[in-house]
$ cat run36.pdb   # PDB, C-alpha atoms
ATOM      1  CA  MET D   7    -102.715-123.376 105.212
ATOM      2  CA  ALA D   8    -102.716-125.444 108.409
ATOM      3  CA  LEU D   9    -105.070-128.392 108.585
ATOM      4  CA  LYS D  10    -107.931-128.170 111.086
ATOM      5  CA  ASN D  11    -106.400-130.595 113.610
ATOM      6  CA  GLU D  12    -102.784-129.707 112.934
ATOM      7  CA  ILE D  13    -100.839-128.416 115.928
ATOM      8  CA  ILE D  14     -99.084-125.143 115.161
ATOM      9  CA  LYS D  15     -95.797-125.099 117.026
ATOM     10  CA  LYS D  16     -94.546-121.949 118.689
ATOM     11  CA  LYS D  17     -91.408-120.599 117.085
ATOM     12  CA  ILE D  18     -88.435-120.038 119.395
ATOM     13  CA  ILE D  19     -85.108-118.251 119.022
ATOM     14  CA  PHE D  20     -82.449-119.348 121.518
ATOM     15  CA  ILE D  21     -79.403-117.218 122.410
ATOM     16  CA  THR D  22     -76.509-118.685 124.423
ATOM     17  CA  PHE D  23     -72.836-119.618 124.537
ATOM     18  CA  ASN D  24     -72.402-121.549 127.797
ATOM     19  CA  ARG D  25     -72.971-124.935 129.457
ATOM     20  CA  LEU D  26     -76.214-123.898 131.099
ATOM     21  CA  GLY D  27     -77.619-122.688 127.796
ATOM     22  CA  TYR D  28     -76.644-125.930 126.076
ATOM     23  CA  ALA D  29     -78.565-127.968 128.665
ATOM     24  CA  CYS D  30     -81.588-125.632 128.518
ATOM     25  CA  LEU D  31     -81.644-125.777 124.724
ATOM     26  CA  GLU D  32     -81.804-129.566 124.821
ATOM     27  CA  GLU D  33     -84.657-129.350 127.341
ATOM     28  CA  ILE D  34     -86.640-126.988 125.099
ATOM     29  CA  ILE D  35     -86.015-129.062 121.970
ATOM     30  CA  ALA D  36     -87.644-132.006 123.770
ATOM     31  CA  GLU D  37     -90.905-130.049 124.046
ATOM     32  CA  ALA D  38     -93.203-131.201 121.238
ATOM     33  CA  LEU D  39     -95.121-127.920 120.988
ATOM     34  CA  VAL D  40     -92.164-125.727 120.023
ATOM     35  CA  GLU D  41     -89.868-125.313 117.058
ATOM     36  CA  VAL D  42     -86.407-123.876 117.654
ATOM     37  CA  ALA D  43     -86.118-121.763 114.515
ATOM     38  CA  CYS D  44     -82.596-120.479 115.109
ATOM     39  CA  VAL D  45     -79.813-120.445 117.691
ATOM     40  CA  TYR D  46     -77.421-117.531 118.086
ATOM     41  CA  THR D  47     -74.021-117.940 119.723
ATOM     42  CA  LEU D  48     -70.770-115.981 119.921
ATOM     43  CA  GLU D  49     -68.006-116.267 117.376
ATOM     44  CA  PRO D  50     -65.275-118.548 118.803
ATOM     45  CA  GLU D  51     -62.654-115.788 119.070
ATOM     46  CA  LEU D  52     -64.916-113.881 121.457
ATOM     47  CA  THR D  53     -65.232-116.781 123.909
ATOM     48  CA  GLN D  54     -61.622-117.069 125.058
ATOM     49  CA  LYS D  55     -62.353-115.537 128.468
ATOM     50  CA  VAL D  56     -65.745-117.221 128.995
ATOM     51  CA  SER D  57     -65.161-119.636 131.888
ATOM     52  CA  ASP D  58     -68.213-121.810 131.207
ATOM     53  CA  TYR D  59     -68.181-121.601 127.406
ATOM     54  CA  GLN D  60     -69.591-124.535 125.494
ATOM     55  CA  ASP D  61     -69.766-125.091 121.770
ATOM     56  CA  ILE D  62     -73.461-125.163 120.859
ATOM     57  CA  SER D  63     -72.997-126.609 117.375
ATOM     58  CA  PRO D  64     -73.322-130.345 118.284
ATOM     59  CA  VAL D  65     -76.895-130.047 119.528
ATOM     60  CA  CYS D  66     -77.842-127.798 116.592
ATOM     61  CA  HIS D  67     -76.369-130.202 114.045
ATOM     62  CA  ARG D  68     -78.044-133.149 115.743
ATOM     63  CA  HIS D  69     -81.476-131.511 115.437
ATOM     64  CA  ASN D  70     -80.921-129.634 112.153
ATOM     65  CA  ILE D  71     -81.329-126.231 113.783
ATOM     66  CA  PRO D  72     -79.784-123.196 112.050
ATOM     67  CA  LEU D  73     -76.856-121.817 114.088
ATOM     68  CA  LYS D  74     -75.532-118.294 113.639
ATOM     69  CA  LYS D  75     -72.201-117.242 115.158
ATOM     70  CA  ILE D  76     -72.207-113.533 115.841
ATOM     71  CA  LYS D  77     -70.285-110.715 117.514
ATOM     72  CA  ASN D  78     -73.199-108.717 118.906
ATOM     73  CA  ILE D  79     -76.815-109.811 119.190
ATOM     74  CA  ASN D  80     -77.991-106.217 118.772
ATOM     75  CA  GLN D  81     -76.673-106.245 115.208
ATOM     76  CA  GLU D  82     -79.113-109.048 114.358
ATOM     77  CA  ILE D  83     -82.366-107.113 114.774
ATOM     78  CA  ALA D  84     -83.428-107.332 111.119
ATOM     79  CA  ASP D  85     -82.635-111.040 110.991
ATOM     80  CA  ILE D  86     -84.625-111.760 114.152
ATOM     81  CA  LYS D  87     -87.587-109.753 112.862
ATOM     82  CA  GLU D  88     -87.532-111.827 109.694
ATOM     83  CA  ILE D  89     -87.628-115.084 111.678
ATOM     84  CA  ASN D  90     -90.559-113.623 113.627
ATOM     85  CA  PRO D  91     -90.285-115.764 116.795
ATOM     86  CA  ASP D  92     -93.092-116.251 119.297
ATOM     87  CA  ILE D  93     -90.615-116.460 122.204
ATOM     88  CA  ILE D  94     -86.922-115.663 122.640
ATOM     89  CA  PHE D  95     -84.816-117.399 125.300
ATOM     90  CA  ILE D  96     -81.569-115.722 126.361
ATOM     91  CA  ILE D  97     -79.542-117.950 128.689
ATOM     92  CA  GLY D  98     -76.013-117.078 129.789
ATOM     93  CA  TRP D  99     -75.504-114.051 127.546
ATOM     94  CA  SER D 100     -73.483-111.089 128.835
ATOM     95  CA  GLN D 101     -74.465-108.487 126.243
ATOM     96  CA  ILE D 102     -77.321-106.138 127.144
ATOM     97  CA  VAL D 103     -80.195-106.749 124.747
ATOM     98  CA  LYS D 104     -81.905-103.727 123.227
ATOM     99  CA  PRO D 105     -85.702-103.206 123.309
ATOM    100  CA  GLU D 106     -85.743-103.581 119.520
ATOM    101  CA  ILE D 107     -85.058-107.264 120.155
ATOM    102  CA  PHE D 108     -86.906-108.142 123.352
ATOM    103  CA  ASN D 109     -90.063-106.419 122.091
ATOM    104  CA  ILE D 110     -90.203-108.581 118.942
ATOM    105  CA  PRO D 111     -91.709-111.844 120.287
ATOM    106  CA  PRO D 112     -95.388-111.554 121.282
ATOM    107  CA  LEU D 113     -94.989-114.130 124.081
ATOM    108  CA  GLY D 114     -91.960-112.404 125.584
ATOM    109  CA  CYS D 115     -88.207-112.602 125.876
ATOM    110  CA  VAL D 116     -87.177-114.932 128.705
ATOM    111  CA  GLY D 117     -83.918-114.674 130.615
ATOM    112  CA  SER D 118     -82.384-116.501 133.563
ATOM    113  CA  HIS D 119     -80.289-115.202 136.446
ATOM    114  CA  PRO D 120     -78.368-117.320 139.003
ATOM    115  CA  ALA D 121     -79.839-115.581 142.045
ATOM    116  CA  LEU D 122     -83.143-114.933 143.784
ATOM    117  CA  LEU D 123     -84.204-111.640 142.250
ATOM    118  CA  PRO D 124     -84.641-108.825 143.077
ATOM    119  CA  LYS D 125     -81.620-109.441 145.298
ATOM    120  CA  ASN D 126     -78.235-109.849 143.614
ATOM    121  CA  ARG D 127     -78.951-108.318 140.249
ATOM    122  CA  GLY D 128     -75.948-107.840 138.006
ATOM    123  CA  ARG D 129     -72.679-109.609 137.265
ATOM    124  CA  ALA D 130     -70.675-112.489 138.772
ATOM    125  CA  ALA D 131     -73.620-113.593 140.914
ATOM    126  CA  ILE D 132     -72.165-116.994 141.785
ATOM    127  CA  PRO D 133     -68.842-115.721 143.230
ATOM    128  CA  TRP D 134     -70.552-112.879 145.060
ATOM    129  CA  HIS D 135     -72.832-115.331 146.869
ATOM    130  CA  PHE D 136     -69.770-116.805 148.585
ATOM    131  CA  ILE D 137     -67.943-113.524 149.110
ATOM    132  CA  ASN D 138     -71.063-112.113 150.777
ATOM    133  CA  GLN D 139     -71.668-115.329 152.772
ATOM    134  CA  GLU D 140     -75.193-115.856 151.486
ATOM    135  CA  LYS D 141     -77.116-118.668 153.157
ATOM    136  CA  TYR D 142     -79.163-119.438 150.035
ATOM    137  CA  GLY D 143     -78.622-119.502 146.303
ATOM    138  CA  GLY D 144     -81.123-119.822 143.526
ATOM    139  CA  VAL D 145     -82.189-119.111 139.977
ATOM    140  CA  THR D 146     -84.844-116.840 138.511
ATOM    141  CA  LEU D 147     -86.607-116.987 135.167
ATOM    142  CA  PHE D 148     -87.916-113.565 134.181
ATOM    143  CA  PHE D 149     -89.100-111.479 131.243
ATOM    144  CA  ILE D 150     -86.285-109.261 129.993
ATOM    145  CA  ASP D 151     -86.920-105.522 130.030
ATOM    146  CA  GLU D 152     -84.782-102.386 129.765
ATOM    147  CA  GLY D 153     -83.418-102.647 133.302
ATOM    148  CA  CYS D 154     -80.676-104.756 134.865
ATOM    149  CA  ASP D 155     -82.319-108.116 135.693
ATOM    150  CA  SER D 156     -85.422-106.120 136.614
ATOM    151  CA  GLY D 157     -88.169-107.761 134.557
ATOM    152  CA  ASP D 158     -91.260-109.541 135.869
ATOM    153  CA  ILE D 159     -90.494-112.872 137.556
ATOM    154  CA  ILE D 160     -91.914-115.980 135.870
ATOM    155  CA  ASP D 161     -90.645-118.475 138.448
ATOM    156  CA  GLN D 162     -87.830-119.074 140.934
ATOM    157  CA  SER D 163     -86.049-121.927 142.661
ATOM    158  CA  LYS D 164     -84.105-121.700 145.928
ATOM    159  CA  PHE D 165     -81.396-123.931 147.394
ATOM    160  CA  ILE D 166     -79.288-123.986 150.558
ATOM    161  CA  LEU D 167     -75.597-123.066 150.555
ATOM    162  CA  THR D 168     -73.252-124.639 153.100
ATOM    163  CA  ASP D 169     -69.507-124.568 153.730
ATOM    164  CA  LYS D 170     -69.213-127.638 151.498
ATOM    165  CA  ASP D 171     -70.384-125.644 148.472
ATOM    166  CA  ASN D 172     -68.230-123.839 145.946
ATOM    167  CA  ALA D 173     -68.691-122.259 142.515
ATOM    168  CA  LEU D 174     -68.944-125.666 140.848
ATOM    169  CA  THR D 175     -71.586-127.075 143.198
ATOM    170  CA  TYR D 176     -73.529-123.820 142.903
ATOM    171  CA  TYR D 177     -73.387-124.039 139.105
ATOM    172  CA  THR D 178     -74.543-127.655 139.233
ATOM    173  CA  LYS D 179     -77.441-126.889 141.577
ATOM    174  CA  MET D 180     -78.354-123.856 139.480
ATOM    175  CA  GLN D 181     -78.390-125.874 136.266
ATOM    176  CA  VAL D 182     -80.603-128.587 137.761
ATOM    177  CA  ALA D 183     -82.962-125.922 139.130
ATOM    178  CA  THR D 184     -83.091-124.030 135.812
ATOM    179  CA  LEU D 185     -84.001-127.155 133.850
ATOM    180  CA  ARG D 186     -86.711-127.939 136.381
ATOM    181  CA  LEU D 187     -88.112-124.410 136.029
ATOM    182  CA  ILE D 188     -88.133-124.591 132.240
ATOM    183  CA  ARG D 189     -90.044-127.876 132.328
ATOM    184  CA  ARG D 190     -92.516-126.279 134.737
ATOM    185  CA  VAL D 191     -93.143-122.966 132.960
ATOM    186  CA  LEU D 192     -92.728-123.776 129.264
ATOM    187  CA  PRO D 193     -96.327-124.963 128.759
ATOM    188  CA  SER D 194     -97.729-121.748 130.245
ATOM    189  CA  LEU D 195     -95.302-119.632 128.204
ATOM    190  CA  ILE D 196     -96.424-121.383 125.028
ATOM    191  CA  ASN D 197    -100.098-120.907 125.915
ATOM    192  CA  HIS D 198     -99.563-117.287 126.958
ATOM    193  CA  THR D 199    -100.891-118.056 130.448
ATOM    194  CA  ALA D 200     -97.698-117.544 132.451
ATOM    195  CA  LYS D 201     -98.420-115.440 135.549
ATOM    196  CA  ALA D 202     -95.346-113.291 135.977
ATOM    197  CA  LYS D 203     -95.033-111.033 139.020
ATOM    198  CA  PRO D 204     -93.376-107.601 139.116
ATOM    199  CA  GLN D 205     -90.207-107.413 141.183
ATOM    200  CA  ARG D 206     -90.069-105.429 144.390
ATOM    201  CA  HIS D 207     -87.565-102.912 143.118
ATOM    202  CA  ASN D 208     -87.088-101.308 146.535
ATOM    203  CA  GLN D 209     -85.542-104.616 147.699
ATOM    204  CA  ALA D 210     -83.043-104.842 144.836
ATOM    205  CA  THR D 211     -79.300-105.164 145.432
ATOM    206  CA  TYR D 212     -76.640-104.989 142.737
ATOM    207  CA  LEU D 213     -73.420-106.850 141.966
ATOM    208  CA  LEU D 214     -70.563-105.348 139.974
ATOM    209  CA  PRO D 215     -68.246-107.390 137.729
ATOM    210  CA  ARG D 216     -65.270-109.209 139.211
ATOM    211  CA  ALA D 217     -61.876-109.564 137.551
ATOM    212  CA  GLU D 218     -59.215-112.258 137.942
ATOM    213  CA  GLN D 219     -57.160-110.052 140.277
ATOM    214  CA  ASP D 220     -60.105-109.910 142.687
ATOM    215  CA  SER D 221     -59.327-113.520 143.624
ATOM    216  CA  TYR D 222     -55.869-112.655 144.973
ATOM    217  CA  LEU D 223     -55.344-114.103 148.456
ATOM    218  CA  ASP D 224     -53.874-111.410 150.712
ATOM    219  CA  PHE D 225     -53.011-113.194 153.948
ATOM    220  CA  CYS D 226     -51.969-109.920 155.613
ATOM    221  CA  THR D 227     -55.349-108.188 155.283
ATOM    222  CA  MET D 228     -57.887-110.997 154.930
ATOM    223  CA  SER D 229     -59.392-113.090 157.695
ATOM    224  CA  THR D 230     -59.362-116.874 157.532
ATOM    225  CA  ARG D 231     -63.040-116.875 156.649
ATOM    226  CA  GLN D 232     -62.557-114.324 153.871
ATOM    227  CA  ILE D 233     -59.801-116.417 152.308
ATOM    228  CA  PHE D 234     -61.901-119.584 152.606
ATOM    229  CA  ASN D 235     -64.794-117.837 150.835
ATOM    230  CA  GLN D 236     -62.545-116.265 148.207
ATOM    231  CA  ILE D 237     -61.221-119.694 147.217
ATOM    232  CA  ARG D 238     -64.570-121.455 146.924
ATOM    233  CA  ALA D 239     -66.183-118.459 145.193
ATOM    234  CA  VAL D 240     -64.379-119.330 141.965
ATOM    235  CA  ALA D 241     -63.283-122.950 142.421
ATOM    236  CA  TYR D 242     -63.450-125.227 139.361
ATOM    237  CA  VAL D 243     -65.512-122.760 137.287
ATOM    238  CA  TYR D 244     -63.754-119.386 137.116
ATOM    239  CA  PRO D 245     -60.068-118.332 137.183
ATOM    240  CA  THR D 246     -58.616-119.859 140.333
ATOM    241  CA  ALA D 247     -57.891-117.942 143.536
ATOM    242  CA  TYR D 248     -54.165-117.429 143.876
ATOM    243  CA  ALA D 249     -51.169-116.187 145.850
ATOM    244  CA  PHE D 250     -47.467-115.867 145.072
ATOM    245  CA  TYR D 251     -44.726-118.071 146.495
ATOM    246  CA  GLU D 252     -41.130-117.308 145.569
ATOM    247  CA  GLN D 253     -42.438-115.327 142.569
ATOM    248  CA  LYS D 254     -44.525-118.274 141.359
ATOM    249  CA  LYS D 255     -48.273-117.844 140.950
ATOM    250  CA  ILE D 256     -49.891-120.638 142.955
ATOM    251  CA  GLY D 257     -53.565-121.428 142.442
ATOM    252  CA  VAL D 258     -55.715-122.749 145.290
ATOM    253  CA  LEU D 259     -58.829-124.810 144.562
ATOM    254  CA  GLU D 260     -59.783-125.961 148.053
ATOM    255  CA  SER D 261     -59.198-124.970 151.671
ATOM    256  CA  SER D 262     -60.494-125.455 155.194
ATOM    257  CA  VAL D 263     -60.466-123.363 158.349
ATOM    258  CA  VAL D 264     -58.093-124.806 160.955
ATOM    259  CA  PRO D 265     -59.967-125.126 164.306
ATOM    260  CA  LYS D 266     -58.838-122.787 167.075
ATOM    261  CA  LYS D 267     -57.659-125.671 169.282
ATOM    262  CA  TYR D 268     -54.842-126.303 166.769
ATOM    263  CA  GLN D 269     -53.803-122.676 166.536
ATOM    264  CA  ILE D 270     -50.808-122.945 168.840
ATOM    265  CA  TYR D 271     -48.291-121.342 166.485
ATOM    266  CA  SER D 272     -46.929-117.789 166.536
ATOM    267  CA  ALA D 273     -46.320-116.626 162.973
ATOM    268  CA  THR D 274     -46.796-113.654 160.672
ATOM    269  CA  PRO D 275     -49.598-113.533 158.055
ATOM    270  CA  GLY D 276     -48.670-115.472 154.940
ATOM    271  CA  GLN D 277     -46.125-117.652 156.732
ATOM    272  CA  ILE D 278     -46.232-121.408 156.174
ATOM    273  CA  ILE D 279     -46.716-123.094 159.545
ATOM    274  CA  LYS D 280     -46.947-126.721 158.510
ATOM    275  CA  THR D 281     -46.466-128.766 155.352
ATOM    276  CA  SER D 282     -47.736-132.203 154.413
ATOM    277  CA  PRO D 283     -47.832-134.167 151.133
ATOM    278  CA  LYS D 284     -51.299-132.835 150.296
ATOM    279  CA  SER D 285     -51.790-129.532 152.143
ATOM    280  CA  LEU D 286     -50.245-126.463 153.769
ATOM    281  CA  TRP D 287     -51.161-124.595 156.913
ATOM    282  CA  VAL D 288     -50.762-120.840 156.403
ATOM    283  CA  LYS D 289     -51.136-118.003 158.918
ATOM    284  CA  THR D 290     -53.849-115.465 158.103
ATOM    285  CA  LEU D 291     -54.758-112.143 159.663
ATOM    286  CA  ASP D 292     -56.735-113.830 162.439
ATOM    287  CA  GLY D 293     -55.984-117.565 162.357
ATOM    288  CA  ILE D 294     -54.773-120.446 160.199
ATOM    289  CA  ILE D 295     -56.087-121.799 156.923
ATOM    290  CA  GLU D 296     -55.305-125.144 155.342
ATOM    291  CA  LEU D 297     -54.657-124.842 151.602
ATOM    292  CA  LYS D 298     -55.362-127.885 149.420
ATOM    293  CA  LYS D 299     -55.490-128.771 145.731
ATOM    294  CA  LEU D 300     -52.750-126.350 144.678
ATOM    295  CA  THR D 301     -51.858-125.614 141.052
ATOM    296  CA  PHE D 302     -48.992-124.026 139.175
ATOM    297  CA  SER D 303     -49.339-122.856 135.560
ATOM    298  CA  GLY D 304     -52.803-124.403 135.578
ATOM    299  CA  LYS D 305     -51.541-127.891 136.454
ATOM    300  CA  PRO D 306     -52.004-129.727 139.773
ATOM    301  CA  LEU D 307     -49.049-129.744 142.143
ATOM    302  CA  SER D 308     -48.181-133.126 143.616
ATOM    303  CA  ASP D 309     -44.953-132.561 145.540
ATOM    304  CA  TYR D 310     -45.760-130.013 148.241
ATOM    305  CA  LEU D 311     -42.955-131.029 150.582
ATOM    306  CA  SER D 312     -40.138-130.230 148.163
ATOM    307  CA  MET D 313     -41.624-126.949 146.894
ATOM    308  CA  PHE D 314     -42.967-125.335 150.086
ATOM    309  CA  LYS D 315     -40.867-124.798 153.206
ATOM    310  CA  THR D 316     -42.077-124.248 156.757
ATOM    311  CA  GLY D 317     -41.358-120.674 157.836
ATOM    312  CA  HIS D 318     -41.319-119.297 154.283
ATOM    313  CA  ARG D 319     -43.991-116.780 153.321
ATOM    314  CA  PHE D 320     -46.519-116.291 150.581
ATOM    315  CA  ASN D 321     -46.596-112.952 148.772
ATOM    316  CA  ASP D 322     -43.125-111.863 149.926
TER     317      ASP D 322
END

$ encode --input "run36.pdb" --output "structure tokens"
Amino acid sequence: MALKNEIIKKKIIFITFNRLGYACLEEIIAEALVEVACVYTLEPELTQKVSDYQDISPVCHRHNIPLKKIKNINQEIADIKEINPDIIFIIGWSQIVKPEIFNIPPLGCVGSHPALLPKNRGRAAIPWHFINQEKYGGVTLFFIDEGCDSGDIIDQSKFILTDKDNALTYYTKMQVATLRLIRRVLPSLINHTAKAKPQRHNQATYLLPRAEQDSYLDFCTMSTRQIFNQIRAVAYVYPTAYAFYEQKKIGVLESSVVPKKYQIYSATPGQIIKTSPKSLWVKTLDGIIELKKLTFSGKPLSDYLSMFKTGHRFND
């Protein structure tokens, strides 16, 4: 029996397998009024294709929190019922969670999404922001329901996107914003006073998954701006944008649009117009793009001048 003045901590289950989840878990552990009763993460063999995977075990071991490595969260219903959490947090988890799980905690099941819902529901939200030339990015905390990112919104944070941004800067801004939101809303979630608002479902847009081949740079059909966006959409976080040169798969991490005043060359799309020690100028469908930070077999290339020849073409 609890003593009269004893504070009863709210019991939390945390579900994650990525860098964002790791940071959010540490933020929640720091809250004195909660107890993280268990953390669920994916078995290591299932994380090979997770671009932002992070091992969660160090923080769990440091704080003596039980960690369960699983294949499918929906196979853990009985276990979660036995723990009987007050709140469940699901951060960076790709599996759809069944109602039998998100209906267990009386204070709700909280998810995050790297976009300003109801717009951009679905998969690969960070890359799609650049492909679709969004002016703003953001993050939403919401209560998980049966729909696709359709639950009531607890809180949101918005940030500007410029041409200097890429997938990595978006991820960084999103992580900072998510931690700020958790600090802001956790007390009200614990006290059951959070004022969530229903989404305007008639304003929803949806994003489908992207695969590695979607980052192929086709100089013959893509504009300079499309190639620029395709590169930064995945840079430093997801599988790198790429093209082929003399049957070698060349990754591209950075690029810039060459101003029109320098576009004095006649060339065919994909043709190398100019080489330098640290960049290449390549003809696109409607202009010229400067490719920088090139890789081969996942390793940085350092000798552009000996490998790439003016007049030769990508994707021949």

$ resolve_selection --input "run36.pdb" --expression "the PyMOL selection byres ((chain D and resi 20) around 6)" --output "list of chain:residue names"
D:Ile19, D:Ile21, D:Val45, D:Ile94, D:Phe95

$ residues_around --input "run36.pdb" --residues "stretch 29-34 of chain D" --least-positions-apart "5" --cutoff "10 Å" --atoms "only C-alpha atoms" --output "PyMOL selection string"
chain D and resi 18+20-22+24+39-42+45+62+65-66+69+95+97+181-182+184-186+188-189+192

$ write_last_selection --input "run36.pdb" --atoms "C-alpha atoms" --output "short mmCIF file (atom, residue, chain, number, x, y, z; two decimals), keeping the file's coordinate frame"
data_model
loop_
_atom_site.label_atom_id
_atom_site.label_comp_id
_atom_site.auth_asym_id
_atom_site.auth_seq_id
_atom_site.Cartn_x
_atom_site.Cartn_y
_atom_site.Cartn_z
CA ILE D 18 -88.44 -120.04 119.40
CA PHE D 20 -82.45 -119.35 121.52
CA ILE D 21 -79.40 -117.22 122.41
CA THR D 22 -76.51 -118.68 124.42
CA ASN D 24 -72.40 -121.55 127.80
CA LEU D 39 -95.12 -127.92 120.99
CA VAL D 40 -92.16 -125.73 120.02
CA GLU D 41 -89.87 -125.31 117.06
CA VAL D 42 -86.41 -123.88 117.65
CA VAL D 45 -79.81 -120.44 117.69
CA ILE D 62 -73.46 -125.16 120.86
CA VAL D 65 -76.90 -130.05 119.53
CA CYS D 66 -77.84 -127.80 116.59
CA HIS D 69 -81.48 -131.51 115.44
CA PHE D 95 -84.82 -117.40 125.30
CA ILE D 97 -79.54 -117.95 128.69
CA GLN D 181 -78.39 -125.87 136.27
CA VAL D 182 -80.60 -128.59 137.76
CA THR D 184 -83.09 -124.03 135.81
CA LEU D 185 -84.00 -127.16 133.85
CA ARG D 186 -86.71 -127.94 136.38
CA ILE D 188 -88.13 -124.59 132.24
CA ARG D 189 -90.04 -127.88 132.33
CA LEU D 192 -92.73 -123.78 129.26
#

$ residues_around --input "run36.pdb" --residues "stretch 307-317 of chain D" --least-positions-apart "2" --cutoff "8 Å" --atoms "all atoms listed in the file" --output "list in words"
Gln277, Ile278, Ile279, Lys280, Thr281, Ser282, Pro283, Lys284, Ser285, Leu286, Lys299, Leu300, Thr301, Phe302, Lys305 and Arg319 of chain D

$ resolve_selection --input "run36.pdb" --expression "the PyMOL selection byres ((chain D and resi 140-142) around 9)" --output "number ranges by chain"
D: 121-122, 134-139, 143-144, 164-168

$ write_last_selection --input "run36.pdb" --atoms "C-alpha atoms" --output "JSON list (two decimals), keeping the file's coordinate frame"
[["chain", "number", "residue", "atom", "x", "y", "z"],
["D", 121, "ALA", "CA", -79.84, -115.58, 142.04],
["D", 122, "LEU", "CA", -83.14, -114.93, 143.78],
["D", 134, "TRP", "CA", -70.55, -112.88, 145.06],
["D", 135, "HIS", "CA", -72.83, -115.33, 146.87],
["D", 136, "PHE", "CA", -69.77, -116.80, 148.58],
["D", 137, "ILE", "CA", -67.94, -113.52, 149.11],
["D", 138, "ASN", "CA", -71.06, -112.11, 150.78],
["D", 139, "GLN", "CA", -71.67, -115.33, 152.77],
["D", 143, "GLY", "CA", -78.62, -119.50, 146.30],
["D", 144, "GLY", "CA", -81.12, -119.82, 143.53],
["D", 164, "LYS", "CA", -84.10, -121.70, 145.93],
["D", 165, "PHE", "CA", -81.40, -123.93, 147.39],
["D", 166, "ILE", "CA", -79.29, -123.99, 150.56],
["D", 167, "LEU", "CA", -75.60, -123.07, 150.56],
["D", 168, "THR", "CA", -73.25, -124.64, 153.10]]

$ axis_aligned_box --input "run36.pdb" --around "stretch 35-53 of chain D" --padding-each-side "8 Å" --output "lines of an AutoDock Vina configuration file"
center_x = -78.9
center_y = -122.9
center_z = 119.3
size_x = 48.5
size_y = 34.1
size_z = 25.5

$ atom_distance --input "run36.pdb" --atom1 "atom CA of D:Leu187" --atom2 "atom CA of D:Ala202"
13.3 Å

$ resolve_selection --input "run36.pdb" --expression "the PyMOL selection byres ((chain D and resi 232) around 10)" --output "list in words"
Phe136, Ile137, Asn138, Gln139, Leu223, Asp224, Phe225, Thr227, Met228, Ser229, Thr230, Arg231, Ile233, Phe234, Asn235, Gln236, Ile237, Thr290 and Leu291 of chain D

$ residues_around --input "run36.pdb" --residues "D:Cys115" --least-positions-apart "4" --cutoff "9 Å" --atoms "all atoms listed in the file" --output "PyMOL selection string"
chain D and resi 92-96+107-111+148-151

$ residues_near_point --input "run36.pdb" --point "(-58.0, -124.0, 161.2)" --cutoff "7 Å" --atoms "all atoms listed in the file" --output "list in words"
Ser262, Val263, Val264, Pro265, Lys266, Tyr268, Gln269, Gly293, Ile294, Ile295 and Glu296 of chain D

$ closest_residue --input "run36.pdb" --among "D:Gln205, D:Gln81, D:Thr47, D:Thr175" --to "D:Gln60" --atoms "all atoms listed in the file"
D:Thr47

$ atom_distance --input "run36.pdb" --atom1 "atom CA of D:Asn90" --atom2 "atom CA of D:Glu106"
12.6 Å

$ atom_distance --input "run36.pdb" --atom1 "atom CA of D:Thr211" --atom2 "atom CA of D:Ile159"
15.7 Å

$ build_atoms --input "run36.pdb" --residues "stretch 49-59 of chain D" --atoms "N, CA and C atoms" --output "compact mmCIF listing (two decimals), in the coordinates of the input"
# COMPACT_ATOMS: atom_id res chain seq x y z
N GLU D 49 -69.11 -115.79 118.19
CA GLU D 49 -68.01 -116.27 117.38
C GLU D 49 -66.91 -116.79 118.30
N PRO D 50 -66.24 -117.89 117.91
CA PRO D 50 -65.28 -118.55 118.80
C PRO D 50 -64.21 -117.62 119.37
N GLU D 51 -63.73 -116.66 118.58
CA GLU D 51 -62.65 -115.79 119.07
C GLU D 51 -63.10 -114.86 120.19
N LEU D 52 -64.40 -114.73 120.39
CA LEU D 52 -64.92 -113.88 121.46
C LEU D 52 -65.18 -114.65 122.75
N THR D 53 -64.90 -115.94 122.74
CA THR D 53 -65.23 -116.78 123.91
C THR D 53 -64.01 -117.18 124.73
N GLN D 54 -62.86 -116.63 124.40
CA GLN D 54 -61.62 -117.07 125.06
C GLN D 54 -61.65 -116.87 126.58
N LYS D 55 -62.32 -115.83 127.04
CA LYS D 55 -62.35 -115.54 128.47
C LYS D 55 -63.66 -115.95 129.13
N VAL D 56 -64.48 -116.74 128.43
CA VAL D 56 -65.74 -117.22 129.00
C VAL D 56 -65.47 -118.52 129.74
N SER D 57 -65.56 -118.49 131.07
CA SER D 57 -65.16 -119.64 131.89
C SER D 57 -66.02 -120.87 131.64
N ASP D 58 -67.32 -120.66 131.39
CA ASP D 58 -68.21 -121.81 131.21
C ASP D 58 -68.68 -121.94 129.76
N TYR D 59 -67.83 -121.50 128.83
CA TYR D 59 -68.18 -121.60 127.41
C TYR D 59 -68.41 -123.04 126.98
